[in-house]
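**Student:** Sharing start-v8.txt below, compact mmCIF, C-alpha atoms:
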# COMPACT_ATOMS: atom_id res chain seq x y z
CA MET M 1 -24.34 31.94 -28.97
CA THR M 2 -27.83 30.79 -29.74
CA PRO M 3 -29.06 27.47 -28.39
CA GLU M 4 -29.70 26.06 -31.86
CA ILE M 5 -26.08 25.68 -32.87
CA LYS M 6 -25.11 23.84 -29.72
CA ALA M 7 -23.57 20.60 -30.78
CA TYR M 8 -25.30 18.31 -28.34
CA LYS M 9 -29.02 17.80 -28.02
CA ARG M 10 -30.65 17.52 -24.64
CA ASN M 11 -31.76 14.01 -23.85
CA ILE M 12 -33.90 13.76 -20.75
CA ILE M 13 -33.19 10.07 -20.15
CA ILE M 14 -29.43 10.48 -20.22
CA GLU M 15 -29.50 13.59 -18.06
CA VAL M 16 -31.74 12.09 -15.38
CA THR M 17 -29.70 8.90 -15.30
CA THR M 18 -26.50 10.90 -14.94
CA ASN M 19 -27.96 13.01 -12.17
CA LEU M 20 -28.84 9.81 -10.36
CA MET M 21 -25.54 8.07 -11.01
CA PHE M 22 -23.19 10.96 -10.24
CA PRO M 23 -23.48 11.00 -6.42
CA LEU M 24 -23.66 7.23 -6.24
CA THR M 25 -20.45 6.90 -8.23
CA LEU M 26 -18.77 9.43 -5.95
CA LEU M 27 -19.91 7.44 -2.93
CA PHE M 28 -18.61 4.21 -4.44
CA GLY M 29 -15.28 5.89 -5.17
CA LEU M 30 -14.98 7.04 -1.57
CA TYR M 31 -15.84 3.54 -0.38
CA ILE M 32 -13.07 2.09 -2.52
CA MET M 33 -10.60 4.79 -1.53
CA ILE M 34 -10.94 5.06 2.26
CA GLY M 35 -9.89 2.27 4.55
CA THR M 36 -7.39 -0.54 4.37
CA SER M 37 -9.35 -3.77 4.51
CA GLY M 38 -11.25 -3.56 1.26
CA THR M 39 -10.29 -4.38 -2.26
CA GLY M 40 -8.72 -1.35 -3.82
CA GLY M 41 -6.98 1.74 -2.55
CA GLY M 42 -6.04 5.24 -3.51
CA PHE M 43 -5.31 4.69 -7.18
CA GLN M 44 -8.51 2.80 -7.96
CA GLY M 45 -10.69 5.05 -5.81
CA GLY M 46 -9.32 8.17 -7.44
CA THR M 47 -10.00 6.72 -10.87
CA ILE M 48 -13.63 6.01 -9.98
CA LEU M 49 -14.08 9.53 -8.58
CA ALA M 50 -12.65 10.90 -11.82
CA ALA M 51 -15.00 8.67 -13.81
CA ALA M 52 -17.98 10.29 -12.09
CA PHE M 53 -16.82 13.76 -13.11
CA ILE M 54 -15.99 12.64 -16.64
CA LEU M 55 -19.51 11.22 -17.01
CA TYR M 56 -20.96 14.52 -15.84
CA ILE M 57 -18.82 16.59 -18.22
CA THR M 58 -19.63 14.30 -21.13
CA VAL M 59 -23.36 14.62 -20.63
CA PHE M 60 -23.78 18.24 -19.51
CA GLY M 61 -20.98 19.87 -21.41
CA HIS M 62 -17.88 21.82 -20.61
CA GLU M 63 -19.40 24.82 -18.89
CA LYS M 64 -21.65 22.99 -16.44
CA GLY M 65 -18.77 20.65 -15.75
CA ARG M 66 -16.63 23.63 -14.80
CA GLU M 67 -19.30 24.60 -12.28
CA LYS M 68 -19.04 21.19 -10.63
CA MET M 69 -15.25 21.13 -10.67
CA PRO M 70 -13.75 24.62 -10.96
CA GLU M 71 -10.18 25.03 -12.05
CA SER M 72 -9.14 26.40 -8.66
CA VAL M 73 -10.54 23.38 -6.81
CA ASN M 74 -8.90 21.05 -9.30
CA ALA M 75 -5.50 22.65 -8.85
CA LEU M 76 -5.96 22.59 -5.08
CA PHE M 77 -6.81 18.86 -5.04
CA LYS M 78 -3.92 18.01 -7.32
CA SER M 79 -1.31 19.33 -4.92
CA LEU M 80 -3.25 18.66 -1.73
CA GLY M 81 -3.05 14.93 -2.42
CA LEU M 82 0.73 14.93 -2.49
CA PHE M 83 0.81 17.20 0.54
CA LEU M 84 -1.40 14.77 2.47
CA TYR M 85 0.99 11.92 1.71
CA ASN M 86 4.07 13.96 2.62
CA GLY M 87 2.23 15.31 5.64
CA ALA M 88 1.61 11.78 6.91
CA GLY M 89 5.36 11.33 6.81
CA TRP M 90 6.19 14.72 8.30
CA ILE M 91 3.65 14.51 11.09
CA CYS M 92 5.50 11.51 12.52
CA VAL M 93 8.80 13.41 12.53
CA LEU M 94 7.23 16.51 14.09
CA PHE M 95 5.28 14.76 16.82
CA SER M 96 8.28 12.72 17.92
CA LEU M 97 10.49 15.86 17.86
CA ALA M 98 12.62 14.36 15.05
CA GLY M 99 13.16 11.18 17.03
CA ALA M 100 11.40 8.92 14.56
CA GLN M 101 11.99 8.26 10.90
CA TRP M 102 9.94 9.76 8.12
CA LEU M 103 6.70 7.78 7.57
CA ASN M 104 7.22 5.90 10.82
CA MET M 105 3.53 5.88 11.63
CA PRO M 106 3.45 4.82 15.34
CA ALA M 107 5.36 8.00 16.28
CA PHE M 108 2.17 10.00 15.72
CA TRP M 109 1.23 9.69 19.36
CA PRO M 110 -2.20 11.39 19.37
CA VAL M 111 -3.41 8.45 17.31
CA SER M 112 -1.16 5.67 18.57
CA ASP M 113 -2.05 6.40 22.20
CA PHE M 114 -5.63 5.88 21.21
CA VAL M 115 -5.66 2.86 18.91
CA GLY M 116 -2.28 1.29 19.56
CA VAL M 117 0.99 1.09 17.68
CA ALA M 118 -0.30 -1.13 14.91
CA GLY M 119 -3.60 0.72 14.71
CA ALA M 120 -1.85 4.02 14.11
CA ARG M 121 -0.16 2.66 10.99
CA SER M 122 -3.47 1.36 9.74
CA PHE M 123 -5.22 4.66 10.51
CA LEU M 124 -2.68 6.88 8.79
CA VAL M 125 -2.43 4.62 5.75
CA GLY M 126 -6.19 4.34 5.43
CA TYR M 127 -7.18 7.95 6.01
CA MET M 128 -4.20 10.08 4.94
CA VAL M 129 -2.05 8.16 2.48
CA SER M 130 -4.88 6.55 0.51
CA VAL M 131 -6.97 9.73 0.44
CA GLY M 132 -3.94 11.70 -0.71
CA ILE M 133 -3.25 9.31 -3.57
CA GLY M 134 -6.92 9.33 -4.53
CA LEU M 135 -7.21 13.14 -4.63
CA THR M 136 -4.13 13.52 -6.81
CA VAL M 137 -5.22 10.81 -9.25
CA MET M 138 -8.76 12.23 -9.49
CA ALA M 139 -7.61 15.80 -10.11
CA ALA M 140 -5.04 14.70 -12.69
CA PHE M 141 -7.60 12.68 -14.67
CA VAL M 142 -10.27 15.38 -14.58
CA SER M 143 -7.89 18.15 -15.58
CA GLN M 144 -6.62 16.11 -18.53
CA TYR M 145 -10.18 15.43 -19.63
CA PHE M 146 -11.00 19.13 -19.44
CA ASP M 147 -7.90 19.97 -21.49
CA LEU M 148 -8.46 17.38 -24.19
CA ALA M 149 -12.26 17.67 -24.43
CA TRP M 150 -13.75 19.31 -27.47
CA LYS M 151 -14.51 22.93 -26.62
CA GLU M 152 -17.23 24.38 -28.77
CA GLU M 153 -16.68 28.10 -28.30
CA GLU M 154 -12.94 28.08 -28.86
CA GLU M 155 -13.17 26.37 -32.22
CA MET M 156 -16.03 28.63 -33.27
CA GLU M 157 -13.82 31.61 -32.51
CA SER M 158 -10.79 30.38 -34.39
CA GLY M 159 -12.90 29.14 -37.28
CA GLU M 160 -11.41 25.69 -37.54
CA ARG M 161 -14.64 23.99 -38.45
CA MET Y 162 8.62 44.65 9.19
CA ILE Y 163 9.89 43.37 5.90
CA PRO Y 164 11.97 46.03 4.14
CA TRP Y 165 11.18 44.78 0.65
CA LYS Y 166 7.79 44.15 -0.88
CA ILE Y 167 6.80 40.51 -1.24
CA LYS Y 168 3.48 39.15 -2.40
CA PRO Y 169 1.70 36.66 -0.14
CA LEU Y 170 1.53 34.13 -2.98
CA THR Y 171 5.27 34.39 -3.57
CA LEU Y 172 5.88 33.89 0.13
CA ALA Y 173 3.65 30.80 0.17
CA ALA Y 174 5.39 29.37 -2.88
CA LEU Y 175 8.80 30.00 -1.33
CA MET Y 176 7.77 28.27 1.89
CA THR Y 177 6.39 25.34 -0.09
CA ALA Y 178 9.62 24.98 -2.03
CA ILE Y 179 11.68 25.09 1.17
CA LEU Y 180 9.40 22.51 2.79
CA LEU Y 181 9.62 20.13 -0.18
CA THR Y 182 13.40 20.49 -0.30
CA ALA Y 183 13.54 19.69 3.39
CA VAL Y 184 11.40 16.60 2.82
CA SER Y 185 13.70 15.38 0.07
CA LEU Y 186 16.85 15.97 2.11
CA TYR Y 187 15.33 14.29 5.14
CA ALA Y 188 14.17 11.31 3.08
CA VAL Y 189 17.60 10.84 1.52
CA GLU Y 190 19.34 11.12 4.88
CA ASP Y 191 16.93 8.83 6.68
CA LEU Y 192 16.45 5.93 4.25
CA PRO Y 193 17.22 2.64 5.96
CA ALA Y 194 20.34 1.00 4.61
CA PHE Y 195 19.82 -1.74 2.09
CA GLY Y 196 20.41 -5.16 3.55
CA ASP Y 197 19.89 -3.91 7.07
CA GLU Y 198 18.90 -7.16 8.68
CA ASN Y 199 17.26 -5.50 11.65
CA SER Y 200 14.78 -3.66 9.47
CA ALA Y 201 11.29 -5.02 9.72
CA VAL Y 202 11.38 -6.63 6.31
CA ASN Y 203 14.50 -8.70 6.63
CA LYS Y 204 14.01 -10.21 10.07
CA HIS Y 205 13.36 -13.91 10.21
CA ILE Y 206 10.70 -15.11 12.58
CA GLU Y 207 11.21 -17.47 15.46
CA LEU Y 208 9.10 -20.60 15.29
CA PHE Y 209 9.86 -22.47 18.53
CA ARG Y 210 12.62 -23.55 20.94
CA VAL Y 211 13.64 -27.05 21.98
CA ASP Y 212 16.19 -28.35 24.46
CA ALA Y 213 19.54 -28.83 22.81
CA ASP Y 214 20.85 -31.87 24.67
CA GLY Y 215 21.94 -34.53 22.20
CA LEU Y 216 20.45 -32.86 19.14
CA VAL Y 217 23.56 -30.95 18.09
CA ASP Y 218 25.38 -34.11 17.00
CA GLY Y 219 22.53 -35.04 14.70
CA LEU Y 220 22.54 -31.59 13.14
CA ASN Y 221 26.28 -31.75 12.59
CA ALA Y 222 25.85 -35.14 10.91
CA GLY Y 223 23.32 -33.64 8.54
CA VAL Y 224 20.20 -35.25 9.95
CA LEU Y 225 17.28 -33.23 11.24
CA PRO Y 226 16.30 -34.52 14.70
CA ALA Y 227 12.87 -36.10 14.89
CA GLU Y 228 11.74 -33.63 17.54
CA ILE Y 229 12.31 -30.60 15.30
CA LYS Y 230 10.93 -32.41 12.25
CA ASN Y 231 7.68 -33.40 13.94
CA LYS Y 232 7.16 -29.98 15.46
CA THR Y 233 7.76 -28.22 12.13
CA GLU Y 234 5.39 -30.50 10.26
CA LYS Y 235 2.75 -30.01 12.91
CA MET Y 236 2.90 -26.26 12.33
CA GLY Y 237 1.15 -26.66 9.02
CA PHE Y 238 3.67 -28.21 6.70
CA ILE Y 239 1.65 -29.86 3.96
CA LYS Y 240 2.91 -33.28 2.94
CA GLY Y 241 1.22 -35.54 0.50
CA PRO Y 242 -2.39 -35.17 -0.68
CA THR Y 243 -4.47 -32.83 1.45
CA CYS Y 244 -7.75 -34.55 0.62
CA PRO Y 245 -8.62 -38.07 -0.55
CA GLY Y 246 -8.35 -38.25 -4.31
CA CYS Y 247 -6.24 -35.09 -4.62
CA GLN Y 248 -2.83 -35.02 -6.20
CA ASN Y 249 0.25 -34.51 -4.12
CA GLU Y 250 0.83 -30.92 -3.19
CA ASN Y 251 4.07 -29.60 -4.57
CA TYR Y 252 5.39 -28.67 -1.17
CA PRO Y 253 8.84 -29.57 0.07
CA THR Y 254 8.84 -32.41 2.53
CA LEU Y 255 11.27 -32.90 5.36
CA GLU Y 256 12.02 -36.55 4.46
CA GLU Y 257 15.63 -37.57 4.59
CA GLY Y 258 17.46 -36.89 1.32
CA ASN Y 259 15.11 -34.02 0.56
CA TYR Y 260 16.96 -31.53 2.67
CA LYS Y 261 20.51 -30.54 3.43
CA ILE Y 262 21.98 -29.02 6.55
CA GLU Y 263 24.92 -26.65 6.49
CA TYR Y 264 26.73 -25.02 9.36
CA ILE Y 265 27.29 -21.30 8.79
CA GLU Y 266 30.05 -19.55 10.73
CA LYS Y 267 29.34 -16.33 12.58
CA GLY Y 268 30.11 -13.28 10.47
CA THR Y 269 29.59 -14.95 7.10
CA ARG Y 270 28.01 -12.84 4.39
CA LEU Y 271 25.73 -14.96 2.25
CA GLY Y 272 23.15 -13.79 -0.23
CA GLY Y 273 23.47 -10.20 0.93
CA ARG Y 274 22.77 -11.16 4.51
CA LEU Y 275 25.21 -11.00 7.40
CA TYR Y 276 24.98 -13.82 9.92
CA THR Y 277 25.32 -12.21 13.34
CA ALA Y 278 25.16 -15.64 14.97
CA GLY Y 279 26.45 -18.99 13.86
CA GLY Y 280 23.93 -21.70 13.16
CA TRP Y 281 22.60 -24.39 10.88
CA ASP Y 282 20.83 -23.58 7.64
CA VAL Y 283 18.23 -26.11 6.53
CA LEU Y 284 18.03 -26.14 2.74
CA ILE Y 285 15.15 -27.90 1.05
CA HIS Y 286 14.79 -29.12 -2.51
CA GLU Y 287 11.93 -27.19 -3.95
CA GLY Y 288 10.55 -26.18 -7.27
CA GLU Y 289 9.95 -28.01 -10.51
CA ILE Y 290 10.70 -31.66 -11.01
CA PHE Y 291 13.54 -31.19 -13.47
CA TYR Y 292 14.97 -27.98 -12.09
CA ASN Y 293 15.23 -28.66 -8.43
CA GLU Y 294 16.82 -25.97 -6.38
CA LEU Y 295 18.02 -25.87 -2.81
CA GLN Y 296 16.27 -23.11 -0.94
CA ARG Y 297 16.99 -21.72 2.49
CA TYR Y 298 13.98 -22.44 4.68
CA TYR Y 299 14.99 -22.74 8.31
CA PHE Y 300 17.77 -21.41 10.47
CA ILE Y 301 18.63 -23.18 13.72
CA GLU Y 302 20.67 -21.39 16.33
CA GLU Y 303 22.06 -22.76 19.58
CA ARG Y 304 21.85 -20.41 22.52
CA GLU Y 305 21.90 -21.08 26.27
CA GLY Y 306 21.29 -24.78 25.93
CA LYS Y 307 18.31 -24.34 23.63
CA LEU Y 308 17.91 -24.78 19.91
CA ILE Y 309 15.97 -21.88 18.41
CA VAL Y 310 14.33 -22.63 15.07
CA TYR Y 311 13.74 -19.66 12.76
CA ARG Y 312 12.14 -19.53 9.36
CA TYR Y 313 13.13 -17.03 6.76
CA ASN Y 314 10.76 -16.83 3.89
CA TRP Y 315 9.61 -13.38 2.95
CA PRO Y 316 6.12 -14.05 1.58
CA VAL Y 317 5.16 -16.39 4.40
CA ARG Y 318 6.49 -13.90 6.91
CA VAL Y 319 4.45 -11.07 5.42
CA VAL Y 320 1.27 -13.11 5.49
CA GLU Y 321 1.83 -14.09 9.10
CA LYS Y 322 3.04 -10.80 10.53
CA THR Y 323 1.12 -8.13 8.60
CA GLU Y 324 -1.91 -8.04 10.83
CA GLU Y 325 0.16 -7.98 14.01
CA GLU Y 326 2.52 -5.25 12.86
CA THR Y 327 0.22 -2.96 10.89
CA ALA Y 328 -3.34 -3.88 11.92
CA MET Y 329 -4.31 -4.26 8.28
CA ILE Y 330 -6.13 -7.37 7.15
CA ASN Y 331 -5.05 -6.76 3.56
CA SER Y 332 -1.36 -7.49 3.18
CA VAL Y 333 -1.28 -5.77 -0.21
CA THR Y 334 -2.17 -2.42 1.35
CA SER Y 335 0.53 -2.75 3.97
CA GLY Y 336 3.06 -3.61 1.29
CA LEU Y 337 1.99 -0.71 -0.90
CA ALA Y 338 1.72 2.11 1.60
CA ASP Y 339 3.57 0.98 4.71
CA TYR Y 340 6.54 -1.26 4.01
CA ARG Y 341 7.20 0.37 0.65
CA GLY Y 342 5.87 3.83 1.40
CA TYR Y 343 8.74 5.65 -0.29
CA ASP Y 344 7.95 3.89 -3.56
CA THR Y 345 4.30 4.90 -3.52
CA MET Y 346 5.19 8.50 -2.71
CA GLY Y 347 7.38 8.52 -5.83
CA GLU Y 348 4.56 7.07 -7.91
CA GLU Y 349 2.22 9.80 -6.78
CA THR Y 350 4.83 12.43 -7.61
CA VAL Y 351 5.11 10.91 -11.08
CA ILE Y 352 1.34 11.26 -11.57
CA LEU Y 353 1.39 14.89 -10.43
CA THR Y 354 4.34 15.69 -12.67
CA GLY Y 355 2.62 14.02 -15.64
CA ALA Y 356 -0.54 16.03 -15.09
CA LEU Y 357 1.45 19.26 -14.84
CA GLY Y 358 3.30 18.37 -18.04
CA VAL Y 359 0.05 17.78 -19.91
CA ILE Y 360 -1.28 21.12 -18.66
CA LEU Y 361 1.84 22.94 -19.80
CA LEU Y 362 1.72 21.28 -23.21
CA VAL Y 363 -2.00 21.58 -23.95
CA ARG Y 364 -2.77 25.04 -22.58
CA ARG Y 365 -0.45 27.00 -24.84
CA ARG Y 366 -2.92 28.36 -27.35
CA GLY Y 367 -1.34 30.37 -30.12
CA ARG Y 368 2.17 29.74 -28.92
CA LEU Y 369 2.83 26.46 -30.68
Would you put the structure from the file into structure tokens?

**Tutor:**
Amino acid sequence: MTPEIKAYKRNIIIEVTTNLMFPLTLLFGLYIMIGTSGTGGGFQGGTILAAAFILYITVFGHEKGREKMPESVNALFKSLGLFLYNGAGWICVLFSLAGAQWLNMPAFWPVSDFVGVAGARSFLVGYMVSVGIGLTVMAAFVSQYFDLAWKEEEEMESGER
Amino acid sequence: MIPWKIKPLTLAALMTAILLTAVSLYAVEDLPAFGDENSAVNKHIELFRVDADGLVDGLNAGVLPAEIKNKTEKMGFIKGPTCPGCQNENYPTLEEGNYKIEYIEKGTRLGGRLYTAGGWDVLIHEGEIFYNELQRYYFIEEREGKLIVYRYNWPVRVVEKTEEETAMINSVTSGLADYRGYDTMGEETVILTGALGVILLVRRRGRL
């Protein structure tokens, strides 16, 4: 494919702005996602992370977007999020030798010995549950955008234009 | 040595499926019973204790003793305008005629809640002007010569106890991921399932 028939034209202003904004948006998404005292949580943080990737794909195109977020990484994140949430529940059962209930956070003694019974709940919710929710939401949004985005080469092949 | 040939990926998928099934079975087996009054959500909190001598007769007659009334109002009960020039706050007051006291026998089941101890319920008129409802606010129990005053009000209890029980300043986070953790896990599963469904629908080129 020759560069002339590419559908989008390079615009230096948009590309430089996106290169600047992309890491900052990721940082802001992590700030929203991690921790318990702020405004927000896993769902909102994951959406902001996905927004950063969607901006990048929109500006640089499908192929360079795939380099930033490969399909394998996307699939990994999608299931890893749910596994982190379920793992936060399982870890309490395992570390108490099935004495505690599922998702009974203080039973995770390596943390609760350190920061206290109440602190362990806060720690696990802030750093495992929220991050798990955020990863799943981000990967789901990005994968849907990749699927629904207009792909130049496919339509050229099938001759739909 | 495994006698049959099995791919590593198949083995990993099998282990994942077994693990997830175990999680589901464990979750179903271990869910706290609904209406379990000893679960963290349904407990009422103890406000204070006073000596019971002579106060029981007043409670039986339907009048809140002045000692309990003053102590409750001192704990932050808003009555009247909070600042000069403001309108009256729409908070229930403990004036006579505004409340009602009922004695509840031990073992009664009321509103989905089992009374494990007998005591007096203090019901307060609250709500709009024309649709005034009696609401359960305080529960007074007599034990060992003392009157123990409890309050059961779920939102107030959450605001007061969240930081002590979960070390989170934000009570919304504790409600979302701690007290109602099973619900949020289901939500996340719904998101994952939706994403997988979209993938299965969209990525079938030439097979539609």

**Student:** Between atom CA of Arg364 of chain Y and atom CA of Val131 of chain M, measure the distance and give it in Å to one decimal.

**Tutor:**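 Separation of atom CA of Arg364 of chain Y and atom CA of Val131 of chain M: 28.0 Å.
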
**Student:** Using all atoms listed in the file and a distance of at most 8 Å, pull out the residues of chain M that contact chain Y, as an MDAnalysis selection string.

**Tutor:** chainID M and resid 36:38 41 78:79 82 85:86 90 101:103 117:122 125 129 133 136:137 140:141 143:144 147:148

**Student:** For the selection just defined, write its residues with C-alpha atoms to a file, as a PDB file, in the frame of the given file.

**Tutor:**
ATOM      1  CA  THR M  36      -7.390  -0.540   4.370  1.00  0.00           C
ATOM      2  CA  SER M  37      -9.350  -3.770   4.510  1.00  0.00           C
ATOM      3  CA  GLY M  38     -11.250  -3.560   1.260  1.00  0.00           C
ATOM      4  CA  GLY M  41      -6.980   1.740  -2.550  1.00  0.00           C
ATOM      5  CA  LYS M  78      -3.920  18.010  -7.320  1.00  0.00           C
ATOM      6  CA  SER M  79      -1.310  19.330  -4.920  1.00  0.00           C
ATOM      7  CA  LEU M  82       0.730  14.930  -2.490  1.00  0.00           C
ATOM      8  CA  TYR M  85       0.990  11.920   1.710  1.00  0.00           C
ATOM      9  CA  ASN M  86       4.070  13.960   2.620  1.00  0.00           C
ATOM     10  CA  TRP M  90       6.190  14.720   8.300  1.00  0.00           C
ATOM     11  CA  GLN M 101      11.990   8.260  10.900  1.00  0.00           C
ATOM     12  CA  TRP M 102       9.940   9.760   8.120  1.00  0.00           C
ATOM     13  CA  LEU M 103       6.700   7.780   7.570  1.00  0.00           C
ATOM     14  CA  VAL M 117       0.990   1.090  17.680  1.00  0.00           C
ATOM     15  CA  ALA M 118      -0.300  -1.130  14.910  1.00  0.00           C
ATOM     16  CA  GLY M 119      -3.600   0.720  14.710  1.00  0.00           C
ATOM     17  CA  ALA M 120      -1.850   4.020  14.110  1.00  0.00           C
ATOM     18  CA  ARG M 121      -0.160   2.660  10.990  1.00  0.00           C
ATOM     19  CA  SER M 122      -3.470   1.360   9.740  1.00  0.00           C
ATOM     20  CA  VAL M 125      -2.430   4.620   5.750  1.00  0.00           C
ATOM     21  CA  VAL M 129      -2.050   8.160   2.480  1.00  0.00           C
ATOM     22  CA  ILE M 133      -3.250   9.310  -3.570  1.00  0.00           C
ATOM     23  CA  THR M 136      -4.130  13.520  -6.810  1.00  0.00           C
ATOM     24  CA  VAL M 137      -5.220  10.810  -9.250  1.00  0.00           C
ATOM     25  CA  ALA M 140      -5.040  14.700 -12.690  1.00  0.00           C
ATOM     26  CA  PHE M 141      -7.600  12.680 -14.670  1.00  0.00           C
ATOM     27  CA  SER M 143      -7.890  18.150 -15.580  1.00  0.00           C
ATOM     28  CA  GLN M 144      -6.620  16.110 -18.530  1.00  0.00           C
ATOM     29  CA  ASP M 147      -7.900  19.970 -21.490  1.00  0.00           C
ATOM     30  CA  LEU M 148      -8.460  17.380 -24.190  1.00  0.00           C
TER      31      LEU M 148
END

**Student:** Please return as a PyMOL selection string every residue within 12 Å of (21.5, -23.0, 25.0), taking into account all atoms listed in the file and the file's own coordinates.

**Tutor:** chain Y and resi 210-217+301-309

**Student:** Tell me which of Y:Glu207, Y:Asp282, Y:Glu228, Y:Asp218 sits closest to Lys261 of chain Y, counting all atoms listed in the file.

**Tutor:**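 With all atoms listed in the file as the atom set, the closest residue is Y:Asp282.
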
**Student:** One decimal, Å: what's the distance from atom CA of Phe123 of chain M over to atom CA of Gly40 of chain M, could you say?

**Tutor:**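 Between atom CA of Phe123 of chain M and atom CA of Gly40 of chain M the gap is 15.9 Å.
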
**Student:** In terms of the shortest atom-to-atom distance over only C-alpha atoms, which of Y:Val189, Y:Val283, Y:Thr182, Y:Arg366 is closest to Gly223 of chain Y?

**Tutor:** Y:Val283

**Student:** Can you tell me how far atom CA of Met21 of chain M sits from atom CA of Ala52 of chain M, in Å to one decimal?

**Tutor:**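 Spanning atom CA of Met21 of chain M to atom CA of Ala52 of chain M is a straight-line distance of 8.0 Å.
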
**Student:** Neighbouring residues of segment 63-69 of chain M were defined as those with any atom within 10 Å, considering all atoms listed in the file; residues of the same chain fewer than 3 positions away were excluded. Please report them as a list in words.

**Tutor:** Phe53, Ile54, Leu55, Tyr56, Ile57, Thr58, Val59, Phe60, Ser72, Val73, Asn74, Ala139, Val142, Ser143, Phe146 and Lys151 of chain M
